[in-house]
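K.L.:
If you scroll down you'll find the structure; I have some questions about it.
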Amino acid sequence: MPSEGISKYKPNELLAYRDSLKDYRDYYNTIDFAEIKGRKEGREEGRAEGLVEGRAEGRAEGEQSKAYEIARQMLADGISIDMIAKYTKLSSEEIDKILQ
């Protein structure tokens, strides 16, 4: 194709140029759209996983906190460390820390 600019193209060359330009733009728009969609889906998936993990961690911390609270109450009532460990699933070391 001539290098003087598109004004010098013959009608069939201009049509071919426009078609190739359209193909080029379509191709890169498709890639851009796929990248944007992929990032969006990745973020959504990451958020969903984060929520699941966050909830699981929150529940575990809540259960642990409740076990410590129950252990404190049982210690205050004079219940043995072995019994507290049995019912709260806390180790004797953890219960000893509460005593200190």
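All residue names refer to the structure tokens as shown: chains lettered A, B, ... in order, residues numbered from 1 in each chain, ligands numbered from 1 in order.
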As a list of chain:residue names, please: the residues near Ile6 of chain A (cut-off 12 Å, only C-alpha atoms, same-chain neighbours under 4 positions excluded).
P.N.:
A:Met1, A:Pro2, A:Lys10, A:Pro11, A:Asn12, A:Glu13, A:Leu14, A:Leu15, A:Ala16, A:Tyr17, A:Arg18
K.L.:
Counting only C-alpha atoms, what is within 12 Å of segment 51-65 of chain A, bar same-chain residues fewer than 6 positions away, as a list of chain:residue names?
P.N.:
A:Glu44, A:Glu45, A:Ala71, A:Arg72, A:Thr88, A:Lys89, A:Leu90, A:Ser91, A:Glu94, A:Ile98
K.L.:
Restricted to N, CA and C atoms, what would the selected residues look like written as a short mmCIF file (atom, residue, chain, number, x, y, z; two decimals), in the first residue's frame?
P.N.:
data_model
loop_
_atom_site.label_atom_id
_atom_site.label_comp_id
_atom_site.auth_asym_id
_atom_site.auth_seq_id
_atom_site.Cartn_x
_atom_site.Cartn_y
_atom_site.Cartn_z
N GLU A 44 -14.22 -11.00 42.36
CA GLU A 44 -15.44 -11.56 42.97
C GLU A 44 -15.12 -12.88 43.66
N GLU A 45 -14.34 -13.72 43.00
CA GLU A 45 -13.97 -15.00 43.59
C GLU A 45 -13.13 -14.79 44.85
N ALA A 71 -14.34 -21.53 81.07
CA ALA A 71 -13.26 -22.02 81.95
C ALA A 71 -13.09 -21.09 83.14
N ARG A 72 -13.14 -19.78 82.93
CA ARG A 72 -13.03 -18.82 84.04
C ARG A 72 -14.15 -19.03 85.05
N THR A 88 -14.30 -28.02 78.02
CA THR A 88 -14.05 -26.85 77.18
C THR A 88 -13.12 -27.15 76.01
N LYS A 89 -12.49 -28.32 76.03
CA LYS A 89 -11.51 -28.72 75.02
C LYS A 89 -10.27 -27.83 75.04
N LEU A 90 -10.05 -27.11 76.15
CA LEU A 90 -8.83 -26.32 76.33
C LEU A 90 -7.76 -27.23 76.94
N SER A 91 -6.52 -26.95 76.64
CA SER A 91 -5.44 -27.73 77.25
C SER A 91 -5.22 -27.24 78.68
N GLU A 94 -3.44 -23.97 78.75
CA GLU A 94 -4.29 -22.82 78.49
C GLU A 94 -5.07 -22.44 79.75
N ILE A 98 -5.03 -18.95 82.39
CA ILE A 98 -6.18 -18.21 82.91
C ILE A 98 -6.01 -17.96 84.40
#
K.L.:
Give me the residues near Lys86 of chain A as a ChimeraX atom specification, where near means some atom within 12 Å (using only C-alpha atoms) and where sequence neighbours in that chain fewer than 4 positions away do not count.
P.N.:
/A:67,70-71,74,79-82,90-92,95
K.L.:
Print the selection's residues with C-alpha atoms to a file, as a PDB file, in the first residue's frame.
P.N.:
ATOM      1  CA  ALA A  67     -14.333 -21.675  76.000  1.00  0.00           C
ATOM      2  CA  ILE A  70     -16.632 -20.915  80.550  1.00  0.00           C
ATOM      3  CA  ALA A  71     -13.260 -22.017  81.946  1.00  0.00           C
ATOM      4  CA  MET A  74     -15.702 -23.084  86.190  1.00  0.00           C
ATOM      5  CA  ILE A  79     -14.043 -27.146  89.368  1.00  0.00           C
ATOM      6  CA  SER A  80     -10.842 -29.093  88.693  1.00  0.00           C
ATOM      7  CA  ILE A  81      -8.597 -28.300  85.745  1.00  0.00           C
ATOM      8  CA  ASP A  82      -9.083 -31.825  84.358  1.00  0.00           C
ATOM      9  CA  LEU A  90      -8.830 -26.323  76.331  1.00  0.00           C
ATOM     10  CA  SER A  91      -5.438 -27.727  77.245  1.00  0.00           C
ATOM     11  CA  SER A  92      -4.301 -27.684  80.872  1.00  0.00           C
ATOM     12  CA  ILE A  95      -6.292 -23.183  81.683  1.00  0.00           C
TER      13      ILE A  95
END
K.L.:
Measure the distance from atom CA of Asp96 of chain A to atom CA of Asp77 of chain A in Å and round it to one decimal.
P.N.:
15.4 Å
K.L.:
Grab the atom CA of Ser20 of chain A to atom CA of Arg39 of chain A distance for me, in Å with one decimal place.
P.N.:
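Straight-line distance from atom CA of Ser20 of chain A to atom CA of Arg39 of chain A works out to 28.7 Å.
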K.L.:
Using DSSP on the backbone coordinates, identify the residues of chain A assigned to alpha helix (DSSP H); present them as a VMD selection string.
P.N.:
chain A and resid 11 to 76 81 to 88 92 to 99
K.L.:
Could you write out the selected residues, including C-alpha atoms, as a short mmCIF file (atom, residue, chain, number, x, y, z; two decimals), in the first residue's frame?
P.N.:
data_model
loop_
_atom_site.label_atom_id
_atom_site.label_comp_id
_atom_site.auth_asym_id
_atom_site.auth_seq_id
_atom_site.Cartn_x
_atom_site.Cartn_y
_atom_site.Cartn_z
CA PRO A 11 -10.94 2.38 -3.56
CA ASN A 12 -10.15 -1.34 -3.20
CA GLU A 13 -7.00 -0.54 -1.15
CA LEU A 14 -8.99 1.81 1.08
CA LEU A 15 -11.58 -0.91 1.66
CA ALA A 16 -8.86 -3.42 2.51
CA TYR A 17 -7.20 -0.88 4.84
CA ARG A 18 -10.47 -0.15 6.65
CA ASP A 19 -11.25 -3.87 6.96
CA SER A 20 -7.82 -4.59 8.43
CA LEU A 21 -8.15 -1.62 10.79
CA LYS A 22 -11.56 -2.88 11.90
CA ASP A 23 -10.16 -6.39 12.45
CA TYR A 24 -7.27 -4.94 14.45
CA ARG A 25 -9.60 -2.87 16.66
CA ASP A 26 -12.03 -5.76 17.14
CA TYR A 27 -9.21 -8.07 18.13
CA TYR A 28 -7.77 -5.71 20.73
CA ASN A 29 -11.20 -4.73 22.07
CA THR A 30 -11.95 -8.42 22.56
CA ILE A 31 -8.70 -8.91 24.45
CA ASP A 32 -9.30 -5.80 26.58
CA PHE A 33 -12.83 -6.96 27.40
CA ALA A 34 -11.59 -10.43 28.33
CA GLU A 35 -8.94 -8.95 30.65
CA ILE A 36 -11.46 -6.69 32.35
CA LYS A 37 -13.95 -9.55 32.73
CA GLY A 38 -11.22 -11.86 34.05
CA ARG A 39 -10.11 -9.31 36.64
CA LYS A 40 -13.71 -8.73 37.73
CA GLU A 41 -14.35 -12.46 38.09
CA GLY A 42 -11.07 -12.87 39.97
CA ARG A 43 -11.97 -10.10 42.39
CA GLU A 44 -15.44 -11.56 42.97
CA GLU A 45 -13.97 -15.00 43.59
CA GLY A 46 -11.36 -13.54 45.95
CA ARG A 47 -14.02 -11.67 47.90
CA ALA A 48 -16.15 -14.80 48.23
CA GLU A 49 -13.18 -16.82 49.47
CA GLY A 50 -12.25 -14.02 51.86
CA LEU A 51 -15.76 -13.96 53.30
CA VAL A 52 -15.76 -17.71 53.84
CA GLU A 53 -12.32 -17.62 55.49
CA GLY A 54 -13.26 -14.58 57.57
CA ARG A 55 -16.42 -16.20 58.83
CA ALA A 56 -14.58 -19.41 59.69
CA GLU A 57 -11.90 -17.47 61.57
CA GLY A 58 -14.56 -15.43 63.36
CA ARG A 59 -16.41 -18.54 64.45
CA ALA A 60 -13.21 -20.18 65.67
CA GLU A 61 -12.25 -17.08 67.64
CA GLY A 62 -15.76 -16.88 69.07
CA GLU A 63 -15.68 -20.51 70.14
CA GLN A 64 -12.24 -20.04 71.69
CA SER A 65 -13.40 -16.92 73.53
CA LYS A 66 -16.47 -18.75 74.82
CA ALA A 67 -14.33 -21.67 76.00
CA TYR A 68 -12.12 -19.26 77.96
CA GLU A 69 -15.17 -17.58 79.48
CA ILE A 70 -16.63 -20.91 80.55
CA ALA A 71 -13.26 -22.02 81.95
CA ARG A 72 -13.03 -18.82 84.04
CA GLN A 73 -16.50 -19.45 85.44
CA MET A 74 -15.70 -23.08 86.19
CA LEU A 75 -12.44 -22.09 87.90
CA ALA A 76 -14.36 -19.57 89.99
CA ILE A 81 -8.60 -28.30 85.75
CA ASP A 82 -9.08 -31.83 84.36
CA MET A 83 -12.86 -31.39 84.28
CA ILE A 84 -12.56 -27.94 82.73
CA ALA A 85 -10.23 -29.32 80.05
CA LYS A 86 -12.66 -32.15 79.35
CA TYR A 87 -15.67 -29.88 78.80
CA THR A 88 -14.05 -26.85 77.18
CA SER A 92 -4.30 -27.68 80.87
CA GLU A 93 -1.63 -25.15 79.84
CA GLU A 94 -4.29 -22.82 78.49
CA ILE A 95 -6.29 -23.18 81.68
CA ASP A 96 -3.17 -22.52 83.77
CA LYS A 97 -2.69 -19.26 81.86
CA ILE A 98 -6.18 -18.21 82.91
CA LEU A 99 -5.23 -18.79 86.52
#
